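structure-v3.cif (mmCIF, C-alpha atoms (C1' of nucleotides))
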data_run
loop_
_atom_site.group_PDB
_atom_site.id
_atom_site.type_symbol
_atom_site.label_atom_id
_atom_site.label_comp_id
_atom_site.auth_asym_id
_atom_site.auth_seq_id
_atom_site.Cartn_x
_atom_site.Cartn_y
_atom_site.Cartn_z
ATOM 1 C CA MET U 1 -3.322 7.535 5.328
ATOM 2 C CA VAL U 2 -0.503 7.309 7.838
ATOM 3 C CA ASN U 3 2.959 8.810 7.505
ATOM 4 C CA ILE U 4 5.890 7.409 9.442
ATOM 5 C CA THR U 5 9.642 7.850 9.542
ATOM 6 C CA LYS U 6 11.491 4.630 10.226
ATOM 7 C CA ASP U 7 15.038 3.351 9.856
ATOM 8 C CA ASN U 8 15.922 -0.250 9.105
ATOM 9 C CA PHE U 9 12.729 -0.666 7.119
ATOM 10 C CA ASN U 10 12.961 -1.149 3.375
ATOM 11 C CA LEU U 11 9.999 -2.335 1.337
ATOM 12 C CA ALA U 12 12.083 -3.413 -1.639
ATOM 13 C CA GLN U 13 14.285 -5.633 0.512
ATOM 14 C CA ILE U 14 11.336 -7.143 2.331
ATOM 15 C CA CYS U 15 9.543 -7.787 -0.947
ATOM 16 C CA GLU U 16 12.565 -9.548 -2.454
ATOM 17 C CA SER U 17 13.653 -11.369 0.659
ATOM 18 C CA GLY U 18 11.651 -14.510 0.020
ATOM 19 C CA GLN U 19 9.608 -14.504 3.220
ATOM 20 C CA CYS U 20 6.450 -12.939 1.748
ATOM 21 C CA PHE U 21 4.891 -13.842 -1.574
ATOM 22 C CA ARG U 22 1.837 -11.610 -1.223
ATOM 23 C CA MET U 23 3.726 -8.364 -1.619
ATOM 24 C CA PHE U 24 4.026 -6.800 -5.052
ATOM 25 C CA LYS U 25 6.035 -3.984 -6.510
ATOM 26 C CA GLU U 26 3.520 -1.732 -8.233
ATOM 27 C CA SER U 27 5.942 0.995 -9.292
ATOM 28 C CA GLU U 28 9.312 2.374 -8.297
ATOM 29 C CA ASN U 29 8.421 3.309 -4.718
ATOM 30 C CA LEU U 30 4.973 1.771 -4.329
ATOM 31 C CA TYR U 31 4.190 -1.698 -3.013
ATOM 32 C CA SER U 32 0.945 -3.552 -2.412
ATOM 33 C CA VAL U 33 0.451 -6.205 0.261
ATOM 34 C CA ILE U 34 -2.360 -8.688 0.817
ATOM 35 C CA ALA U 35 -2.842 -10.181 4.276
ATOM 36 C CA GLY U 36 -6.030 -11.996 5.209
ATOM 37 C CA ASN U 37 -8.898 -9.912 3.846
ATOM 38 C CA ARG U 38 -6.798 -6.772 3.817
ATOM 39 C CA TYR U 39 -5.208 -5.002 0.903
ATOM 40 C CA LEU U 40 -2.670 -2.258 1.522
ATOM 41 C CA GLU U 41 -0.593 0.073 -0.585
ATOM 42 C CA VAL U 42 2.580 1.510 0.948
ATOM 43 C CA GLU U 43 4.886 4.078 -0.517
ATOM 44 C CA GLN U 44 8.475 4.666 0.507
ATOM 45 C CA GLN U 45 10.988 7.433 -0.119
ATOM 46 C CA GLY U 46 14.137 6.940 1.908
ATOM 47 C CA ASN U 47 13.123 6.391 5.515
ATOM 48 C CA LYS U 48 9.697 8.000 5.046
ATOM 49 C CA CYS U 49 6.689 5.810 4.410
ATOM 50 C CA THR U 50 3.066 6.426 3.637
ATOM 51 C CA PHE U 51 0.561 3.708 4.501
ATOM 52 C CA TYR U 52 -2.654 4.111 2.546
ATOM 53 C CA CYS U 53 -4.982 3.053 5.325
ATOM 54 C CA ASP U 54 -6.520 4.763 8.334
ATOM 55 C CA GLU U 55 -4.751 5.249 11.642
ATOM 56 C CA THR U 56 -6.714 2.508 13.369
ATOM 57 C CA GLU U 57 -5.862 -0.149 10.811
ATOM 58 C CA TYR U 58 -2.212 0.860 10.908
ATOM 59 C CA GLU U 59 -2.076 0.711 14.701
ATOM 60 C CA GLU U 60 -4.063 -2.484 15.047
ATOM 61 C CA PHE U 61 -2.641 -4.465 12.182
ATOM 62 C CA TRP U 62 0.080 -3.211 9.870
ATOM 63 C CA LYS U 63 2.453 -1.921 12.524
ATOM 64 C CA ASN U 64 2.666 -5.391 13.956
ATOM 65 C CA TYR U 65 2.616 -7.075 10.545
ATOM 66 C CA PHE U 66 5.802 -5.216 9.557
ATOM 67 C CA ASP U 67 7.278 -5.557 13.068
ATOM 68 C CA LEU U 68 7.801 -1.819 13.212
ATOM 69 C CA ASP U 69 8.209 -1.507 16.983
ATOM 70 C CA ARG U 70 11.232 -3.788 17.124
ATOM 71 C CA ASP U 71 14.765 -2.419 17.400
ATOM 72 C CA TYR U 72 16.562 -3.922 14.419
ATOM 73 C CA ALA U 73 19.292 -1.280 14.654
ATOM 74 C CA GLY U 74 20.055 -2.725 18.076
ATOM 75 C CA TYR U 75 20.422 -6.213 16.620
ATOM 76 C CA ILE U 76 22.844 -4.920 14.022
ATOM 77 C CA LYS U 77 24.772 -2.936 16.596
ATOM 78 C CA ASN U 78 25.375 -6.129 18.572
ATOM 79 C CA ILE U 79 27.094 -7.899 15.708
ATOM 80 C CA ASP U 80 30.621 -9.028 16.531
ATOM 81 C CA PRO U 81 32.866 -6.249 15.171
ATOM 82 C CA LYS U 82 35.347 -8.940 14.121
ATOM 83 C CA ASP U 83 32.752 -10.758 12.010
ATOM 84 C CA GLU U 84 33.192 -8.918 8.743
ATOM 85 C CA TYR U 85 31.007 -11.264 6.806
ATOM 86 C CA LEU U 86 27.984 -10.781 9.067
ATOM 87 C CA LEU U 87 28.577 -7.014 9.237
ATOM 88 C CA ASP U 88 28.555 -6.890 5.438
ATOM 89 C CA ALA U 89 25.466 -9.078 5.205
ATOM 90 C CA ALA U 90 23.561 -6.980 7.764
ATOM 91 C CA ALA U 91 24.585 -3.741 6.089
ATOM 92 C CA PHE U 92 23.428 -5.108 2.738
ATOM 93 C CA GLY U 93 19.992 -6.145 4.016
ATOM 94 C CA SER U 94 19.600 -3.674 6.866
ATOM 95 C CA GLY U 95 16.011 -2.827 5.877
ATOM 96 C CA ILE U 96 14.726 -6.365 6.235
ATOM 97 C CA ARG U 97 12.190 -7.097 8.958
ATOM 98 C CA ILE U 98 10.691 -10.406 9.965
ATOM 99 C CA LEU U 99 7.005 -10.083 9.113
ATOM 100 C CA ASN U 100 4.128 -11.407 11.175
ATOM 101 C CA GLN U 101 2.279 -13.429 8.559
ATOM 102 C CA ASP U 102 -0.644 -15.822 8.698
ATOM 103 C CA LEU U 103 0.152 -19.269 10.072
ATOM 104 C CA TRP U 104 -1.763 -21.408 7.573
ATOM 105 C CA GLU U 105 -0.482 -19.320 4.685
ATOM 106 C CA MET U 106 3.119 -19.816 5.825
ATOM 107 C CA ILE U 107 2.614 -23.569 6.189
ATOM 108 C CA VAL U 108 1.497 -23.785 2.574
ATOM 109 C CA THR U 109 4.020 -21.273 1.287
ATOM 110 C CA PHE U 110 7.007 -23.063 2.755
ATOM 111 C CA LEU U 111 5.747 -26.498 1.789
ATOM 112 C CA ILE U 112 5.821 -25.130 -1.741
ATOM 113 C CA SER U 113 9.220 -23.491 -1.278
ATOM 114 C CA GLN U 114 11.156 -26.746 -1.000
ATOM 115 C CA GLN U 115 13.508 -27.524 -3.877
ATOM 116 C CA ASN U 116 11.972 -24.552 -5.684
ATOM 117 C CA ASN U 117 12.984 -21.040 -6.664
ATOM 118 C CA ILE U 118 11.489 -17.747 -5.568
ATOM 119 C CA THR U 119 10.051 -16.835 -8.963
ATOM 120 C CA ARG U 120 8.222 -20.091 -9.268
ATOM 121 C CA ILE U 121 7.059 -20.075 -5.623
ATOM 122 C CA ARG U 122 5.496 -16.707 -6.278
ATOM 123 C CA ARG U 123 3.671 -18.043 -9.305
ATOM 124 C CA CYS U 124 2.441 -21.098 -7.385
ATOM 125 C CA ILE U 125 1.004 -18.920 -4.620
ATOM 126 C CA ASN U 126 -0.682 -16.623 -7.133
ATOM 127 C CA ASN U 127 -2.201 -19.605 -8.900
ATOM 128 C CA ILE U 128 -3.576 -21.052 -5.663
ATOM 129 C CA CYS U 129 -5.073 -17.719 -4.602
ATOM 130 C CA GLU U 130 -6.716 -17.110 -7.960
ATOM 131 C CA ARG U 131 -8.047 -20.642 -8.171
ATOM 132 C CA TYR U 132 -9.133 -21.253 -4.561
ATOM 133 C CA GLY U 133 -9.075 -17.862 -2.811
ATOM 134 C CA GLU U 134 -11.879 -15.355 -2.491
ATOM 135 C CA LYS U 135 -12.084 -12.499 -4.933
ATOM 136 C CA LEU U 136 -12.443 -9.180 -3.135
ATOM 137 C CA THR U 137 -12.555 -5.594 -4.299
ATOM 138 C CA THR U 138 -10.977 -2.619 -2.556
ATOM 139 C CA SER U 139 -12.912 0.587 -1.907
ATOM 140 C CA SER U 140 -11.075 2.087 -4.857
ATOM 141 C CA GLY U 141 -12.249 -0.748 -7.085
ATOM 142 C CA LYS U 142 -9.146 -2.897 -7.369
ATOM 143 C CA ALA U 143 -9.750 -6.652 -7.359
ATOM 144 C CA PHE U 144 -7.508 -9.046 -5.445
ATOM 145 C CA TYR U 145 -7.614 -12.638 -4.214
ATOM 146 C CA THR U 146 -7.296 -13.817 -0.627
ATOM 147 C CA PHE U 147 -5.224 -16.817 0.365
ATOM 148 C CA PRO U 148 -7.567 -19.837 0.626
ATOM 149 C CA GLU U 149 -8.418 -21.266 4.048
ATOM 150 C CA ALA U 150 -7.419 -24.849 4.799
ATOM 151 C CA GLY U 151 -11.054 -25.841 4.343
ATOM 152 C CA ALA U 152 -10.942 -24.754 0.714
ATOM 153 C CA LEU U 153 -8.036 -27.138 -0.015
ATOM 154 C CA ALA U 154 -8.838 -30.106 2.227
ATOM 155 C CA GLY U 155 -10.588 -32.878 0.364
ATOM 156 C CA LEU U 156 -9.041 -32.058 -2.980
ATOM 157 C CA LYS U 157 -7.455 -34.922 -4.862
ATOM 158 C CA GLU U 158 -3.829 -35.100 -3.813
ATOM 159 C CA ASP U 159 -2.576 -34.112 -7.248
ATOM 160 C CA ALA U 160 -5.195 -31.384 -7.788
ATOM 161 C CA LEU U 161 -2.725 -28.604 -7.083
ATOM 162 C CA MET U 162 -0.437 -29.726 -9.854
ATOM 163 C CA GLU U 163 -2.602 -27.561 -12.049
ATOM 164 C CA CYS U 164 -1.358 -24.657 -9.937
ATOM 165 C CA ASN U 165 2.202 -25.762 -10.820
ATOM 166 C CA LEU U 166 3.038 -27.182 -7.399
ATOM 167 C CA GLY U 167 4.479 -30.342 -8.896
ATOM 168 C CA TYR U 168 5.090 -33.125 -6.381
ATOM 169 C CA ARG U 169 4.366 -30.695 -3.524
ATOM 170 C CA SER U 170 0.661 -30.822 -4.315
ATOM 171 C CA LYS U 171 0.003 -33.771 -2.028
ATOM 172 C CA TYR U 172 1.936 -32.155 0.800
ATOM 173 C CA VAL U 173 -0.399 -29.148 0.740
ATOM 174 C CA VAL U 174 -3.592 -31.170 0.363
ATOM 175 C CA ARG U 175 -2.641 -33.484 3.217
ATOM 176 C CA ALA U 176 -1.621 -30.549 5.424
ATOM 177 C CA ALA U 177 -5.015 -28.970 4.764
ATOM 178 C CA GLY U 178 -6.639 -32.222 5.873
ATOM 179 C CA SER U 179 -4.578 -32.328 9.075
ATOM 180 C CA VAL U 180 -5.571 -28.766 9.917
ATOM 181 C CA VAL U 181 -9.266 -29.160 9.131
ATOM 182 C CA SER U 182 -9.506 -32.413 11.095
ATOM 183 C CA GLY U 183 -7.906 -30.727 14.083
ATOM 184 C CA GLU U 184 -5.045 -33.223 14.126
ATOM 185 C CA VAL U 185 -2.847 -30.138 14.026
ATOM 186 C CA ASP U 186 -4.548 -27.258 15.796
ATOM 187 C CA LEU U 187 -3.378 -23.852 14.630
ATOM 188 C CA GLU U 188 -4.701 -22.041 17.691
ATOM 189 C CA THR U 189 -2.723 -24.335 19.991
ATOM 190 C CA LEU U 190 0.349 -23.865 17.833
ATOM 191 C CA ARG U 191 0.182 -20.097 18.231
ATOM 192 C CA GLY U 192 0.475 -20.382 22.002
ATOM 193 C CA LEU U 193 3.493 -22.685 22.086
ATOM 194 C CA PRO U 194 7.174 -21.855 22.528
ATOM 195 C CA TYR U 195 9.519 -22.437 19.608
ATOM 196 C CA GLN U 196 10.685 -26.003 20.233
ATOM 197 C CA GLN U 197 7.201 -27.330 20.947
ATOM 198 C CA ALA U 198 5.658 -25.574 17.959
ATOM 199 C CA ARG U 199 8.431 -26.936 15.768
ATOM 200 C CA GLU U 200 7.802 -30.486 16.925
ATOM 201 C CA ILE U 201 4.126 -30.284 16.117
ATOM 202 C CA LEU U 202 4.773 -28.786 12.702
ATOM 203 C CA LEU U 203 7.096 -31.698 11.924
ATOM 204 C CA LYS U 204 4.104 -34.009 12.145
ATOM 205 C CA LEU U 205 2.718 -32.483 8.950
ATOM 206 C CA TYR U 206 3.515 -34.579 5.896
ATOM 207 C CA GLY U 207 6.093 -32.716 3.812
ATOM 208 C CA VAL U 208 7.268 -30.493 6.663
ATOM 209 C CA GLY U 209 10.866 -31.146 7.688
ATOM 210 C CA GLY U 210 13.194 -29.170 9.900
ATOM 211 C CA LYS U 211 13.906 -26.365 7.469
ATOM 212 C CA VAL U 212 10.293 -25.715 6.532
ATOM 213 C CA ALA U 213 9.205 -25.943 10.184
ATOM 214 C CA ASP U 214 11.779 -23.288 11.053
ATOM 215 C CA CYS U 215 10.534 -21.002 8.278
ATOM 216 C CA ILE U 216 6.991 -21.326 9.602
ATOM 217 C CA CYS U 217 8.180 -20.634 13.160
ATOM 218 C CA LEU U 218 10.080 -17.564 11.988
ATOM 219 C CA PHE U 219 7.675 -15.973 9.517
ATOM 220 C CA ALA U 220 4.313 -16.829 11.096
ATOM 221 C CA LEU U 221 4.899 -17.502 14.794
ATOM 222 C CA HIS U 222 7.611 -14.880 15.076
ATOM 223 C CA HIS U 223 10.004 -17.141 16.934
ATOM 224 C CA LEU U 224 13.063 -15.106 16.079
ATOM 225 C CA GLU U 225 15.333 -17.805 17.480
ATOM 226 C CA ALA U 226 14.404 -20.100 14.571
ATOM 227 C CA PHE U 227 17.332 -20.439 12.170
ATOM 228 C CA PRO U 228 16.246 -22.148 8.918
ATOM 229 C CA ILE U 229 19.149 -23.881 7.179
ATOM 230 C CA ASP U 230 18.729 -24.179 3.414
ATOM 231 C CA THR U 231 21.287 -24.635 0.648
ATOM 232 C CA HIS U 232 22.402 -20.994 0.730
ATOM 233 C CA ILE U 233 22.757 -20.805 4.483
ATOM 234 C CA ASN U 234 24.586 -24.113 4.379
ATOM 235 C CA GLN U 235 27.010 -22.665 1.888
ATOM 236 C CA ALA U 236 27.581 -19.608 4.071
ATOM 237 C CA MET U 237 28.095 -21.840 7.101
ATOM 238 C CA THR U 238 30.796 -23.940 5.458
ATOM 239 C CA GLY U 239 32.360 -20.870 3.874
ATOM 240 C CA HIS U 240 32.355 -18.526 6.871
ATOM 241 C CA TYR U 241 31.448 -20.457 10.020
ATOM 242 C CA ALA U 242 33.393 -23.696 9.780
ATOM 243 C CA SER U 243 33.312 -24.009 13.573
ATOM 244 C CA GLY U 244 29.587 -23.272 13.769
ATOM 245 C CA PHE U 245 27.460 -20.141 13.747
ATOM 246 C CA PRO U 246 27.929 -18.176 17.010
ATOM 247 C CA SER U 247 24.245 -18.444 17.933
ATOM 248 C CA ASP U 248 25.020 -17.774 21.613
ATOM 249 C CA ARG U 249 25.964 -14.214 20.804
ATOM 250 C CA TYR U 250 22.684 -13.668 18.952
ATOM 251 C CA LYS U 251 20.501 -15.681 21.280
ATOM 252 C CA GLY U 252 16.812 -15.093 20.708
ATOM 253 C CA TYR U 253 17.216 -13.384 17.352
ATOM 254 C CA GLU U 254 19.325 -15.821 15.333
ATOM 255 C CA GLY U 255 16.574 -15.779 12.717
ATOM 256 C CA VAL U 256 17.177 -12.104 12.010
ATOM 257 C CA MET U 257 20.834 -12.851 11.294
ATOM 258 C CA GLN U 258 19.737 -15.771 9.146
ATOM 259 C CA GLN U 259 17.692 -13.408 6.992
ATOM 260 C CA TYR U 260 20.605 -11.023 6.519
ATOM 261 C CA ILE U 261 22.806 -13.920 5.438
ATOM 262 C CA PHE U 262 20.185 -15.444 3.165
ATOM 263 C CA TYR U 263 19.458 -12.159 1.438
ATOM 264 C CA TYR U 264 23.173 -11.412 1.078
ATOM 265 C CA GLU U 265 23.932 -14.812 -0.430
ATOM 266 C CA LEU U 266 21.076 -14.496 -2.904
ATOM 267 C CA PHE U 267 21.306 -10.905 -4.077
ATOM 268 C CA ARG U 268 24.734 -9.441 -3.409
ATOM 269 C "C1'" DA R 1 22.096 -30.750 -22.236
ATOM 270 C "C1'" DT R 2 22.313 -30.989 -17.312
ATOM 271 C "C1'" DA R 3 22.211 -28.808 -12.961
ATOM 272 C "C1'" DC R 4 19.857 -26.322 -9.687
ATOM 273 C "C1'" DA R 5 16.028 -23.971 -6.996
ATOM 274 C "C1'" DG R 6 14.722 -21.397 0.711
ATOM 275 C "C1'" DG R 7 13.864 -30.182 1.157
ATOM 276 C "C1'" DT R 8 11.524 -34.185 2.431
ATOM 277 C "C1'" DC R 9 10.241 -38.882 2.092
ATOM 278 C "C1'" DT R 10 11.289 -43.615 1.058
ATOM 279 C "C1'" DT R 11 14.090 -47.411 0.815
ATOM 280 C "C1'" DA R 12 18.137 -50.153 1.551
ATOM 281 C "C1'" DA R 13 22.487 -51.241 3.891
ATOM 282 C "C1'" DT J 1 21.473 -44.532 12.052
ATOM 283 C "C1'" DT J 2 23.060 -42.974 7.841
ATOM 284 C "C1'" DA J 3 22.947 -42.457 2.702
ATOM 285 C "C1'" DA J 4 21.556 -42.601 -1.790
ATOM 286 C "C1'" DG J 5 17.325 -41.792 -5.085
ATOM 287 C "C1'" DA J 6 13.096 -39.925 -6.427
ATOM 288 C "C1'" DC J 7 10.312 -36.134 -6.954
ATOM 289 C "C1'" DC J 8 7.479 -31.492 -10.532
ATOM 290 C "C1'" DT J 9 9.116 -27.931 -13.405
ATOM 291 C "C1'" DG J 10 11.142 -23.543 -15.263
ATOM 292 C "C1'" DT J 11 15.491 -21.285 -15.963
ATOM 293 C "C1'" DA J 12 20.363 -20.682 -17.195
#

What would the structure in this file look like if it were written as structure tokens?
Amino acid sequence: MVNITKDNFNLAQICESGQCFRMFKESENLYSVIAGNRYLEVEQQGNKCTFYCDETEYEEFWKNYFDLDRDYAGYIKNIDPKDEYLLDAAAFGSGIRILNQDLWEMIVTFLISQQNNITRIRRCINNICERYGEKLTTSSGKAFYTFPEAGALAGLKEDALMECNLGYRSKYVVRAAGSVVSGEVDLETLRGLPYQQAREILLKLYGVGGKVADCICLFALHHLEAFPIDTHINQAMTGHYASGFPSDRYKGYEGVMQQYIFYYELFR
DNA sequence: ATACAGGTCTTAA
DNA sequence: TTAAGACCTGTA
């Protein structure tokens, strides 16, 4: 196991924040996370965390997954002292980090997220993993399901995922899987592209519009300048930024501010 | 009951 | 180019 002390890192906030649906609250201070073939348990008391994995796995994977080397305190410090709303939002969600999640998983997750609520998105993802993912067992004997590869979903009937409660989004996911498997949209290429270019390619996927593309850019490709605008952000924009969000001031990390605002609007 | 969830696509002016 | 409608489904 690995012990760290870290500010601006809060598992509860990250778990609730609606960017990751493969993180589960196991008990008051204990969370589990599934990423790829990995299963992790993390415990948090204040700013002290225990990662139940070896040093190598922490250094090579989880540190980056949770974006632990980035200076979020610096981002918050740069907030316009006159912008009370953003100061409040950032203070409220100051433990949020933008995770580095799997690209294909984020494509599917945010296709499902549209016109949907967080509780039901979570259930959809669980259903897909249990139905089409691989069942693995941890060294301590706990079973969990991986997120299915595109190949496991391509070729399904377009409405097959309605049995996983996706509703009309089923065909979006099945068609996206087809586009990825055929190479029409190449994930490896996507990973090497700057924000605008990656966004444009993502928009070619059926069911991916501007908002979903931005979520994928932010949560998988770690383009922190992506600023997804959904109903809640829209509301905050009209309510607090009638003359536009001051993205110049937060250039390159607008997406971090977006997360503070989103979380604040949803849970304050 | 009816509106609303981290929207997008289709169709019609 | 813009704007209304349709779309699955659970919750309040």

Item to check | Residues near U:Met23, cut-off 8 Å, only C-alpha atoms (C1' of nucleotides), skip fewer than 6 positions along chain, as a list in words | outcome: Cys15, Tyr31, Ser32, Val33 and Ile34 of chain U

Determine, using only C-alpha atoms (C1' of nucleotides), which residues of chain J have any atom at most 9 Å from an atom of chain U, and tabulate each with its shortest atom pair and distance in Å to one decimal place, rows ordered by chain and then rising number, as a Markdown table.
| residue | atom | partner | partner_atom | distance |
| --- | --- | --- | --- | --- |
| J:DC7 | C1' | U:Tyr168 | CA | 6.1 |
| J:DC8 | C1' | U:Gly167 | CA | 3.6 |
| J:DT9 | C1' | U:Gly167 | CA | 6.9 |
| J:DG10 | C1' | U:Arg120 | CA | 7.5 |

Each residue of chain U lying at most 8 Å from chain R should get a row with its shortest atom-to-atom pair and the distance in Å to one decimal, counting only C-alpha atoms (C1' of nucleotides); could you produce that, ordered by chain and increasing number, as JSON lines?
{"residue": "U:Gly18", "atom": "CA", "partner": "R:DG6", "partner_atom": "C1'", "distance": 7.6}
{"residue": "U:Ser113", "atom": "CA", "partner": "R:DG6", "partner_atom": "C1'", "distance": 6.2}
{"residue": "U:Gln114", "atom": "CA", "partner": "R:DG7", "partner_atom": "C1'", "distance": 4.9}
{"residue": "U:Gln115", "atom": "CA", "partner": "R:DA5", "partner_atom": "C1'", "distance": 5.4}
{"residue": "U:Asn116", "atom": "CA", "partner": "R:DA5", "partner_atom": "C1'", "distance": 4.3}
{"residue": "U:Asn117", "atom": "CA", "partner": "R:DA5", "partner_atom": "C1'", "distance": 4.2}
{"residue": "U:Ile118", "atom": "CA", "partner": "R:DA5", "partner_atom": "C1'", "distance": 7.8}
{"residue": "U:Gly207", "atom": "CA", "partner": "R:DT8", "partner_atom": "C1'", "distance": 5.8}
{"residue": "U:Val208", "atom": "CA", "partner": "R:DT8", "partner_atom": "C1'", "distance": 7.0}
{"residue": "U:Gly209", "atom": "CA", "partner": "R:DT8", "partner_atom": "C1'", "distance": 6.1}
{"residue": "U:Lys211", "atom": "CA", "partner": "R:DG7", "partner_atom": "C1'", "distance": 7.4}
{"residue": "U:Val212", "atom": "CA", "partner": "R:DG7", "partner_atom": "C1'", "distance": 7.8}
{"residue": "U:Asp230", "atom": "CA", "partner": "R:DG6", "partner_atom": "C1'", "distance": 5.6}
{"residue": "U:Thr231", "atom": "CA", "partner": "R:DG6", "partner_atom": "C1'", "distance": 7.3}
{"residue": "U:His232", "atom": "CA", "partner": "R:DG6", "partner_atom": "C1'", "distance": 7.7}

Checklist entry - When the PyMOL selection byres ((chain U and resi 229) around 12) is applied to the file above, which residues end up in the set, as an MDAnalysis selection string? => result (chainID U and resid 114 209:215 226:228 230:238 245 254:255 257:259 261:262) or (chainID R and resid 6:7)

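Considering the residues U:Pro81, U:Gly192, U:Gly133, U:Gly93 and counting only C-alpha atoms, U:Ala150 has its shortest atom-to-atom contact with U:Gly133.
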
Checklist outcome for this item: Between atom CA of U:Ala12 and atom CA of U:Ala89 lies a distance of 16.1 Å

Checklist entry - Hey, what comes out of the PyMOL selection byres ((chain U and resi 69) around 12) on this file? Could you write it as a PyMOL selection string? => result chain U and resi 4+6-9+59+62-68+70-74+97-99

Reconstructed N, CA and C atoms for stretch 130-150 of chain U, given as a PDB file, in the coordinates of the input:
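As a result, rebuild_19.pdb now contains:
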ATOM      1  N   GLU U 130      -5.744 -17.401  -6.899  1.00  0.00           N
ATOM      2  CA  GLU U 130      -6.716 -17.110  -7.960  1.00  0.00           C
ATOM      3  C   GLU U 130      -7.683 -18.261  -8.156  1.00  0.00           C
ATOM      4  N   ARG U 131      -7.197 -19.479  -7.930  1.00  0.00           N
ATOM      5  CA  ARG U 131      -8.047 -20.642  -8.171  1.00  0.00           C
ATOM      6  C   ARG U 131      -8.942 -20.960  -6.965  1.00  0.00           C
ATOM      7  N   TYR U 132      -8.402 -20.818  -5.756  1.00  0.00           N
ATOM      8  CA  TYR U 132      -9.133 -21.253  -4.561  1.00  0.00           C
ATOM      9  C   TYR U 132      -9.418 -20.142  -3.551  1.00  0.00           C
ATOM     10  N   GLY U 133      -8.833 -18.964  -3.742  1.00  0.00           N
ATOM     11  CA  GLY U 133      -9.075 -17.862  -2.811  1.00  0.00           C
ATOM     12  C   GLY U 133     -10.385 -17.155  -3.120  1.00  0.00           C
ATOM     13  N   GLU U 134     -10.656 -16.132  -2.306  1.00  0.00           N
ATOM     14  CA  GLU U 134     -11.879 -15.355  -2.491  1.00  0.00           C
ATOM     15  C   GLU U 134     -11.524 -14.069  -3.226  1.00  0.00           C
ATOM     16  N   LYS U 135     -12.341 -13.734  -4.203  1.00  0.00           N
ATOM     17  CA  LYS U 135     -12.084 -12.499  -4.933  1.00  0.00           C
ATOM     18  C   LYS U 135     -12.736 -11.329  -4.206  1.00  0.00           C
ATOM     19  N   LEU U 136     -11.931 -10.357  -3.830  1.00  0.00           N
ATOM     20  CA  LEU U 136     -12.443  -9.180  -3.135  1.00  0.00           C
ATOM     21  C   LEU U 136     -12.105  -7.931  -3.950  1.00  0.00           C
ATOM     22  N   THR U 137     -12.797  -6.850  -3.610  1.00  0.00           N
ATOM     23  CA  THR U 137     -12.555  -5.594  -4.299  1.00  0.00           C
ATOM     24  C   THR U 137     -12.309  -4.491  -3.275  1.00  0.00           C
ATOM     25  N   THR U 138     -11.275  -3.716  -3.480  1.00  0.00           N
ATOM     26  CA  THR U 138     -10.977  -2.619  -2.556  1.00  0.00           C
ATOM     27  C   THR U 138     -11.987  -1.488  -2.764  1.00  0.00           C
ATOM     28  N   SER U 139     -11.987  -0.548  -1.802  1.00  0.00           N
ATOM     29  CA  SER U 139     -12.912   0.587  -1.907  1.00  0.00           C
ATOM     30  C   SER U 139     -12.639   1.401  -3.165  1.00  0.00           C
ATOM     31  N   SER U 140     -11.393   1.330  -3.637  1.00  0.00           N
ATOM     32  CA  SER U 140     -11.075   2.087  -4.857  1.00  0.00           C
ATOM     33  C   SER U 140     -11.294   1.244  -6.116  1.00  0.00           C
ATOM     34  N   GLY U 141     -11.836   0.036  -5.922  1.00  0.00           N
ATOM     35  CA  GLY U 141     -12.249  -0.748  -7.085  1.00  0.00           C
ATOM     36  C   GLY U 141     -11.226  -1.734  -7.620  1.00  0.00           C
ATOM     37  N   LYS U 142     -10.144  -1.936  -6.897  1.00  0.00           N
ATOM     38  CA  LYS U 142      -9.146  -2.897  -7.369  1.00  0.00           C
ATOM     39  C   LYS U 142      -9.450  -4.307  -6.851  1.00  0.00           C
ATOM     40  N   ALA U 143      -9.448  -5.272  -7.751  1.00  0.00           N
ATOM     41  CA  ALA U 143      -9.750  -6.652  -7.359  1.00  0.00           C
ATOM     42  C   ALA U 143      -8.484  -7.366  -6.897  1.00  0.00           C
ATOM     43  N   PHE U 144      -8.637  -8.215  -5.880  1.00  0.00           N
ATOM     44  CA  PHE U 144      -7.508  -9.046  -5.445  1.00  0.00           C
ATOM     45  C   PHE U 144      -8.054 -10.342  -4.863  1.00  0.00           C
ATOM     46  N   TYR U 145      -7.191 -11.336  -4.723  1.00  0.00           N
ATOM     47  CA  TYR U 145      -7.614 -12.638  -4.214  1.00  0.00           C
ATOM     48  C   TYR U 145      -7.007 -12.896  -2.845  1.00  0.00           C
ATOM     49  N   THR U 146      -7.817 -13.431  -1.936  1.00  0.00           N
ATOM     50  CA  THR U 146      -7.296 -13.817  -0.627  1.00  0.00           C
ATOM     51  C   THR U 146      -6.593 -15.164  -0.743  1.00  0.00           C
ATOM     52  N   PHE U 147      -5.838 -15.488   0.287  1.00  0.00           N
ATOM     53  CA  PHE U 147      -5.224 -16.817   0.365  1.00  0.00           C
ATOM     54  C   PHE U 147      -6.285 -17.789   0.886  1.00  0.00           C
ATOM     55  N   PRO U 148      -6.489 -18.930   0.228  1.00  0.00           N
ATOM     56  CA  PRO U 148      -7.567 -19.837   0.626  1.00  0.00           C
ATOM     57  C   PRO U 148      -7.360 -20.446   2.019  1.00  0.00           C
ATOM     58  N   GLU U 149      -8.437 -20.568   2.761  1.00  0.00           N
ATOM     59  CA  GLU U 149      -8.418 -21.266   4.048  1.00  0.00           C
ATOM     60  C   GLU U 149      -8.118 -22.745   3.832  1.00  0.00           C
ATOM     61  N   ALA U 150      -7.693 -23.412   4.905  1.00  0.00           N
ATOM     62  CA  ALA U 150      -7.419 -24.849   4.799  1.00  0.00           C
ATOM     63  C   ALA U 150      -8.648 -25.602   4.297  1.00  0.00           C
TER      64      ALA U 150
END
